[in-house]
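The block underneath contains the structure these notes are about, expressed in structure tokens.
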Amino acid sequence: MKYYILLIIFLLSFSNIISSQNSEKQEAIDFVNPFIGTDFFGHTFPGASLPFGMVHLSPDTGTEGWTYCAGYIYSDNSIMGFSHTHWSGVGMVNGGEIMLMPTVGDKLQIVPGSAENPDEGYRSRFDHANESASPGYYSVLLKDYNIKVELTSTKRAGFHRYTFPKANNSQIILDLGHQIGDMESSSNSELTIVDDTHIEGVKSAGLGQVFFVAEFSKPFLYYGTFDASYYTPESGGSVFPYKNGEAGEKIGAFMRFRTDENEQILVKVGISYTSLEGARKNLNAEIPGWNFDEIHKNARKIWSNELSRIEIEETTDDKKEIFYTAVYHSLLAQYISQDVDGKYFGSDQKIHTAKDYDFYGSFSCWDTYRSQHPLLTIIAPDHVNDFIKSIVAKTENLGWLPAQHFLNIYREAMVGDHLIPVIVDAYMKGYRNYDYEKLYDAMRKKALENPLPPVPEHMGRSGLDFYKKLGYTPVDKVTESVPNTLELAYDDWCIAQLARELGKDDDYKLFMKRAGNYKNLWDSETRFMRPKMADGTWLEAINGREQEIVKTEVNSYFKYFDPLLVGWRPNRYYTESNAWQYIWSVQHDVQGLINLFGSNEAFIKKLDTFFEMSPIITPPKYVGVVGTIGQYVQGNQPSHHVAYLYNYAGEPWKTQQRARQVTEQLYRVGEGGICGNEDMGSLSSWYVLSAMGFYPVTPGNNAYAIGSPLFGKTTLHINGNKTFKIEARNNSRENKYIQSATLNGKVFDRTWISHSEIMAGGNLTFTMGSTPNKKWGTGKNSVPPSMSERR
């Protein structure tokens, strides 16, 4: 009997231990830190949003200058309010529409005041000790008012919960004059106080109009409007009590309440880019009731499902924080723009309906084509066809294939034509549920013709006539002429791949020939891609002279070639980079670049120097040159594929070393953990891919170059209940070199893996060691595919 009692006690104890361990087990979502990237110009925001959402509800601590591209800087100590639109990591100062701020006080403040003196306005101080964030949720205590703010969201609506102290003068300010940046609008904002619990209106912003409908859980005691840009001659004030409508640039509304201790007032806000009716439908469909905790719970569930597509094991909690936050930022960065009924505001300034797909309104494609879009073809396959359908719709509405853009603002974009690789990469990977023939025709037309009215001239390829005639764009005629040539050559290679798939043989030959245009800027003497004049001569070398700026009727440019000069627009001849950083931008033909150097040895020598030399550039300094290893710049996109180029030249162990160095040295925990502009998920997606052990050097050819897996085990959950497992045995910080590998039990001795091999599911197993195995991955068929043959 005693034996059985002891056995029962033991089993109960063991059960409790197991239960305790399970309850303490953290999920992927628990490692996400939305504050990563909110310092050091990462330009991320910590607020509440959903994957691929339209609403990004987050605190704003400042609005002026490049520092505040996302409205929030971790080093600040006061908050202006909580607005519903933010861009993740861009270099564009914009967003911050429809801002609310709860306050307490007898004096009604209608301007935020300064960071130096928050008491001048409705700002409030706060401490990070009383601030928290997780996917789909944000919370902070406003110290000046003793108000706890909680935020959550759906795709198209934001939900606020304010816990007030006992007060007769509790207030909520709605400031439609609030805006991140200073983009001007051609029309006024408007609002209407419909009744004691409803406000609706439209915010006219730099990227268009944002319509909103706001509902309050408690009726207003008092209410009114304000216009911060107007002072009445009678009162000298800008406040209009009990006025139920307002129009202007810096308008807003105030709502006053009497609150008990810890009384909660909830506000839910639906937004739309089409109409008030659209905003109302969005709000009613997505937040029909007042259960804040239920909406938060659902947001957490959605994020958890998305994040759990990748599991990592045999690593530290710090690395899990970095990795899962990078996945979070990668899934955050593509934004839908249509209402629940499918309506969206088109590039022709008309309302259209997206039937059976989500319409994505913005593509920061110079940043995202390299890693973010390729990553999403693996971990977010349900969205890829919708991205391309959105591009089809924009092309139809506009009558032209756009390049990089945000909403319906099609200004002069970054160099290249990089919706093309986004489209072609998706097509080559089997995503084809859209009119690809129509897209091909639009690509071809844009590659061969300049736009005609009403399409603006700047929407065409920069320097196209020169590119067609000379085979390059000349520095004395075209801004950023060198990368313009290199990136158009890559885009033409992408068109050629699609032409071949569609059986357009003549086009394939035409665009493959143009894909070699990068060679026209190769200077064999300096071994750089060098600026060339329209007359065919090289831009003169600086040779110790003082730099000058040449101005012509069509262009201005630095007079002398300096391989370390980045410079500023419009004078620079490289894009946010210098000659050292742009020489490698021949992603489609790395072997062709090696051939220009003459040998693998010469190519590797240049690569080694690139990583080992001083990071100093010729003045003026440039803010994008951050996250450096020599002249390698992880903080800007042109360098992102360069660590993987050793694979093409027969020394893959150096790729393993450099890829591991970047992941471990330039990505860290905490607010300063991103080494540069996040740029709509591009830096984070680079990390996700590289940490798993591979990277898409050439989007459009379906090959991923092998690097050095960071974790002991990684499991990708592929659609169709398949898994692709990456195991790195004997892996550690020191053991970064691949000794051997197998794919599904068979010897794997090449430095690339195909997209189809990953998506088919299986097991890729590496054995790692502390010293390079200089035989692995160096065979004749081990090199990743390239346009040219080895000479």
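Order determines the names: the first chain of the structure tokens is A, the second B, and so forth; residues in each chain are numbered 1 upward, and ligands are numbered 1 upward as they are shown.
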Checklist entry - What's the 10 Å shell around Ser740 in chain A, counting only C-alpha atoms, without same-chain residues fewer than 6 positions away, as a ChimeraX atom specification? => result /A:747-749,765-769,773,775-777
Compile the contact shell of range 449-461 of chain A as an mmCIF file with N, CA, C and O atoms, in the first residue's frame: residues with an atom at most 7 Å away, counting only C-alpha atoms, same-chain residues fewer than 3 positions apart removed.
```cif
data_model
loop_
_atom_site.group_PDB
_atom_site.id
_atom_site.type_symbol
_atom_site.label_atom_id
_atom_site.label_comp_id
_atom_site.auth_asym_id
_atom_site.auth_seq_id
_atom_site.Cartn_x
_atom_site.Cartn_y
_atom_site.Cartn_z
ATOM 1 N N PRO A 402 4.101 50.782 -63.504
ATOM 2 C CA PRO A 402 4.807 51.697 -62.600
ATOM 3 C C PRO A 402 6.105 51.084 -62.088
ATOM 4 O O PRO A 402 6.379 49.896 -62.283
ATOM 5 N N GLU A 412 9.448 60.637 -59.281
ATOM 6 C CA GLU A 412 10.716 60.074 -59.736
ATOM 7 C C GLU A 412 11.168 59.031 -58.723
ATOM 8 O O GLU A 412 11.281 59.307 -57.532
ATOM 9 N N LYS A 445 6.883 47.057 -73.407
ATOM 10 C CA LYS A 445 6.627 48.418 -73.870
ATOM 11 C C LYS A 445 7.469 49.421 -73.109
ATOM 12 O O LYS A 445 8.085 50.318 -73.701
ATOM 13 N N LYS A 446 7.524 49.280 -71.796
ATOM 14 C CA LYS A 446 8.287 50.223 -70.988
ATOM 15 C C LYS A 446 9.785 50.113 -71.259
ATOM 16 O O LYS A 446 10.516 51.101 -71.165
ATOM 17 N N LEU A 464 16.361 56.147 -71.160
ATOM 18 C CA LEU A 464 16.098 55.003 -72.027
ATOM 19 C C LEU A 464 16.671 55.182 -73.433
ATOM 20 O O LEU A 464 17.247 54.252 -74.004
#
```
Item to check | Minimum-distance residue to Asp367 in chain A, chosen among A:Met428, A:Leu710, A:Leu401, A:Leu683 (using only C-alpha atoms) | outcome: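 Of all the options, A:Leu683 lies closest to Asp367 in chain A.
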Next on the checklist: Going by DSSP on the backbone, which residues of range 359-552 of chain A come out as strand (DSSP E or B)? List them as number ranges by chain.
Outcome noted: A: 360, 363, 405-406, 409, 522-523, 528-529, 532, 538, 541, 549-551
Residues from the last selection, N, CA, C and O atoms, saved as a PDB file, in the first residue's frame:
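Okay, this is what ended up in part_12.pdb:
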```pdb
ATOM      1  N   TYR A 360      -2.805  45.576 -53.012  1.00  0.00           N
ATOM      2  CA  TYR A 360      -1.678  46.181 -52.305  1.00  0.00           C
ATOM      3  C   TYR A 360      -1.325  47.491 -53.004  1.00  0.00           C
ATOM      4  O   TYR A 360      -1.021  47.516 -54.189  1.00  0.00           O
ATOM      5  N   PHE A 363       4.555  49.678 -53.362  1.00  0.00           N
ATOM      6  CA  PHE A 363       5.663  48.755 -53.559  1.00  0.00           C
ATOM      7  C   PHE A 363       6.979  49.529 -53.508  1.00  0.00           C
ATOM      8  O   PHE A 363       7.293  50.287 -54.427  1.00  0.00           O
ATOM      9  N   HIS A 405       6.653  52.930 -55.785  1.00  0.00           N
ATOM     10  CA  HIS A 405       5.645  53.949 -55.483  1.00  0.00           C
ATOM     11  C   HIS A 405       4.991  53.655 -54.133  1.00  0.00           C
ATOM     12  O   HIS A 405       5.046  52.532 -53.628  1.00  0.00           O
ATOM     13  N   PHE A 406       4.370  54.697 -53.595  1.00  0.00           N
ATOM     14  CA  PHE A 406       3.610  54.586 -52.354  1.00  0.00           C
ATOM     15  C   PHE A 406       2.220  55.136 -52.609  1.00  0.00           C
ATOM     16  O   PHE A 406       2.050  56.296 -52.986  1.00  0.00           O
ATOM     17  N   ILE A 409       1.149  57.891 -55.491  1.00  0.00           N
ATOM     18  CA  ILE A 409       2.153  58.911 -55.773  1.00  0.00           C
ATOM     19  C   ILE A 409       3.264  58.261 -56.601  1.00  0.00           C
ATOM     20  O   ILE A 409       4.032  57.439 -56.105  1.00  0.00           O
ATOM     21  N   TRP A 522      32.353  48.679 -67.775  1.00  0.00           N
ATOM     22  CA  TRP A 522      33.506  48.041 -67.133  1.00  0.00           C
ATOM     23  C   TRP A 522      34.791  48.718 -67.602  1.00  0.00           C
ATOM     24  O   TRP A 522      35.082  48.792 -68.783  1.00  0.00           O
ATOM     25  N   ASP A 523      35.543  49.209 -66.633  1.00  0.00           N
ATOM     26  CA  ASP A 523      36.848  49.816 -66.913  1.00  0.00           C
ATOM     27  C   ASP A 523      37.919  48.826 -66.476  1.00  0.00           C
ATOM     28  O   ASP A 523      38.146  48.629 -65.277  1.00  0.00           O
ATOM     29  N   PHE A 528      36.570  48.882 -62.077  1.00  0.00           N
ATOM     30  CA  PHE A 528      35.303  49.354 -61.536  1.00  0.00           C
ATOM     31  C   PHE A 528      34.301  49.516 -62.673  1.00  0.00           C
ATOM     32  O   PHE A 528      34.682  49.626 -63.850  1.00  0.00           O
ATOM     33  N   MET A 529      33.022  49.545 -62.304  1.00  0.00           N
ATOM     34  CA  MET A 529      32.000  50.021 -63.214  1.00  0.00           C
ATOM     35  C   MET A 529      32.055  51.553 -63.136  1.00  0.00           C
ATOM     36  O   MET A 529      31.649  52.142 -62.134  1.00  0.00           O
ATOM     37  N   LYS A 532      30.644  56.888 -67.592  1.00  0.00           N
ATOM     38  CA  LYS A 532      31.107  57.141 -68.959  1.00  0.00           C
ATOM     39  C   LYS A 532      30.291  58.285 -69.555  1.00  0.00           C
ATOM     40  O   LYS A 532      29.073  58.392 -69.322  1.00  0.00           O
ATOM     41  N   TRP A 538      35.691  57.942 -70.637  1.00  0.00           N
ATOM     42  CA  TRP A 538      35.462  57.763 -69.203  1.00  0.00           C
ATOM     43  C   TRP A 538      35.412  59.108 -68.506  1.00  0.00           C
ATOM     44  O   TRP A 538      36.078  60.062 -68.925  1.00  0.00           O
ATOM     45  N   ALA A 541      39.456  60.745 -63.987  1.00  0.00           N
ATOM     46  CA  ALA A 541      39.822  60.382 -62.616  1.00  0.00           C
ATOM     47  C   ALA A 541      40.210  61.622 -61.827  1.00  0.00           C
ATOM     48  O   ALA A 541      40.777  62.576 -62.373  1.00  0.00           O
ATOM     49  N   ILE A 549      31.511  70.309 -59.385  1.00  0.00           N
ATOM     50  CA  ILE A 549      30.200  69.902 -59.900  1.00  0.00           C
ATOM     51  C   ILE A 549      29.990  70.579 -61.251  1.00  0.00           C
ATOM     52  O   ILE A 549      30.131  71.792 -61.379  1.00  0.00           O
ATOM     53  N   VAL A 550      29.674  69.773 -62.240  1.00  0.00           N
ATOM     54  CA  VAL A 550      29.383  70.273 -63.576  1.00  0.00           C
ATOM     55  C   VAL A 550      27.873  70.358 -63.743  1.00  0.00           C
ATOM     56  O   VAL A 550      27.157  69.388 -63.462  1.00  0.00           O
ATOM     57  N   LYS A 551      27.384  71.486 -64.214  1.00  0.00           N
ATOM     58  CA  LYS A 551      25.948  71.668 -64.434  1.00  0.00           C
ATOM     59  C   LYS A 551      25.690  71.906 -65.917  1.00  0.00           C
ATOM     60  O   LYS A 551      26.316  72.758 -66.532  1.00  0.00           O
TER      61      LYS A 551
END
```
Item to check | Residue neighbourhood Tyr560 in chain A, 9 Å, only C-alpha atoms, exclusion window fewer than 3 positions, as a PyMOL selection string | outcome: chain A and resi 539-543+545-549+557
Once you count only C-alpha atoms, what closest atom pair and distance in Å to one decimal does each residue of range 249-357 of chain A within 10 Å of range 128-134 of chain A have, with rows by chain and rising residue number, as CSV?
```
residue,atom,partner,partner_atom,distance
A:Arg300,CA,A:Ser134,CA,8.4
A:Trp303,CA,A:Ser134,CA,9.8
A:Thr325,CA,A:Ser134,CA,9.9
```
Using the selection just defined, write its residues with N, CA and C atoms as a tab-separated table (two decimals), in the first residue's frame.
```tsv
chain	number	residue	atom	x	y	z
A	300	ARG	N	-3.38	38.51	-31.81
A	300	ARG	CA	-2.28	37.65	-31.37
A	300	ARG	C	-2.35	36.29	-32.08
A	303	TRP	N	-1.10	36.68	-35.71
A	303	TRP	CA	0.36	36.80	-35.74
A	303	TRP	C	1.03	35.48	-35.39
A	325	THR	N	11.60	38.65	-34.58
A	325	THR	CA	11.26	40.04	-34.86
A	325	THR	C	11.52	40.36	-36.32
```
Item to check | Residue neighbourhood Asp382 in chain A, 12 Å, only C-alpha atoms, exclusion window fewer than 3 positions, as a ChimeraX atom specification | outcome: /A:52,306,357-358,376-379,385-388,426,431,433,718-720
Item to check | Neighbour list for Arg256 in chain A as a PyMOL selection string, cut-off 10 Å, only C-alpha atoms, skip fewer than 5 positions in-chain | outcome: chain A and resi 102-105+108+168-173+219-224
Next on the checklist: Residues within 12 Å of Asn146 in chain A, please, as JSON, numbers by chain. Count only C-alpha atoms; anything in the same chain fewer than 4 positions from it doesn't count.
Outcome noted: {"A": [102, 103, 104, 105, 124, 125, 126, 127, 130, 140, 141, 142, 162, 163, 164, 165, 166, 167, 170, 261, 262, 263]}
Grab the residues selected above and save them as a CSV table (one decimal), in the first residue's frame with N, CA, C and O atoms.
```
chain,number,residue,atom,x,y,z
A,102,PRO,N,-5.5,61.1,-25.5
A,102,PRO,CA,-6.3,61.4,-24.3
A,102,PRO,C,-5.5,62.3,-23.3
A,102,PRO,O,-4.3,62.1,-23.2
A,103,THR,N,-6.2,63.1,-22.6
A,103,THR,CA,-5.6,64.1,-21.7
A,103,THR,C,-6.5,64.3,-20.5
A,103,THR,O,-7.6,63.9,-20.5
A,104,VAL,N,-5.9,64.9,-19.5
A,104,VAL,CA,-6.7,65.4,-18.3
A,104,VAL,C,-6.2,66.8,-18.0
A,104,VAL,O,-5.0,67.1,-17.9
A,105,GLY,N,-7.2,67.8,-17.8
A,105,GLY,CA,-6.7,69.1,-17.4
A,105,GLY,C,-7.8,70.1,-17.7
A,105,GLY,O,-8.6,70.0,-18.6
A,124,SER,N,2.5,64.3,-23.6
A,124,SER,CA,2.7,63.7,-22.2
A,124,SER,C,4.0,63.0,-22.2
A,124,SER,O,4.5,62.4,-23.1
A,125,ARG,N,4.7,63.1,-21.0
A,125,ARG,CA,5.9,62.4,-20.8
A,125,ARG,C,5.5,60.9,-20.5
A,125,ARG,O,4.4,60.6,-20.1
A,126,PHE,N,6.5,60.0,-20.7
A,126,PHE,CA,6.3,58.6,-20.4
A,126,PHE,C,7.7,58.0,-20.1
A,126,PHE,O,8.7,58.6,-20.4
A,127,ASP,N,7.6,56.8,-19.5
A,127,ASP,CA,8.8,56.0,-19.2
A,127,ASP,C,8.7,54.7,-19.9
A,127,ASP,O,7.6,54.1,-20.0
A,130,ASN,N,7.1,51.8,-18.2
A,130,ASN,CA,5.6,51.6,-18.3
A,130,ASN,C,5.1,51.6,-19.7
A,130,ASN,O,4.0,52.0,-20.0
A,140,VAL,N,1.1,52.0,-22.9
A,140,VAL,CA,1.9,53.0,-22.3
A,140,VAL,C,1.1,53.7,-21.3
A,140,VAL,O,-0.1,53.9,-21.4
A,141,LEU,N,1.8,54.2,-20.2
A,141,LEU,CA,1.2,55.1,-19.2
A,141,LEU,C,1.7,56.5,-19.5
A,141,LEU,O,2.9,56.8,-19.6
A,142,LEU,N,0.7,57.4,-19.8
A,142,LEU,CA,1.0,58.8,-20.0
A,142,LEU,C,1.1,59.4,-18.6
A,142,LEU,O,0.2,59.6,-17.8
A,162,TYR,N,-8.5,53.5,-23.2
A,162,TYR,CA,-7.9,54.5,-22.3
A,162,TYR,C,-8.5,54.3,-20.9
A,162,TYR,O,-9.7,54.3,-20.7
A,163,THR,N,-7.6,54.1,-19.9
A,163,THR,CA,-8.0,53.9,-18.5
A,163,THR,C,-7.7,55.2,-17.8
A,163,THR,O,-6.5,55.6,-17.6
A,164,PHE,N,-8.7,56.0,-17.5
A,164,PHE,CA,-8.6,57.3,-16.9
A,164,PHE,C,-8.5,57.3,-15.4
A,164,PHE,O,-9.0,56.4,-14.7
A,165,PRO,N,-8.0,58.4,-14.8
A,165,PRO,CA,-8.1,58.6,-13.3
A,165,PRO,C,-9.5,59.2,-13.1
A,165,PRO,O,-10.2,59.6,-14.0
A,166,LYS,N,-9.8,59.4,-11.8
A,166,LYS,CA,-11.0,60.1,-11.5
A,166,LYS,C,-10.8,61.6,-11.8
A,166,LYS,O,-9.9,62.2,-11.3
A,167,ALA,N,-11.7,62.2,-12.6
A,167,ALA,CA,-11.5,63.6,-13.1
A,167,ALA,C,-12.8,64.1,-13.7
A,167,ALA,O,-13.5,63.4,-14.3
A,170,SER,N,-11.5,65.1,-18.0
A,170,SER,CA,-10.9,64.1,-18.9
A,170,SER,C,-11.3,64.5,-20.4
A,170,SER,O,-12.4,64.8,-20.6
A,261,GLU,N,-12.4,56.7,-11.1
A,261,GLU,CA,-11.1,56.1,-11.0
A,261,GLU,C,-11.1,54.8,-11.8
A,261,GLU,O,-11.9,53.9,-11.7
A,262,ASN,N,-10.0,54.7,-12.7
A,262,ASN,CA,-9.9,53.5,-13.5
A,262,ASN,C,-11.0,53.2,-14.5
A,262,ASN,O,-11.2,52.1,-15.0
A,263,GLU,N,-11.8,54.3,-14.8
A,263,GLU,CA,-12.8,54.1,-15.8
A,263,GLU,C,-12.2,54.0,-17.2
A,263,GLU,O,-11.3,54.8,-17.5
```
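Counting from CA of Glu200 in chain A, the distance to CA of Ser272 in chain A is 11.4 Å.
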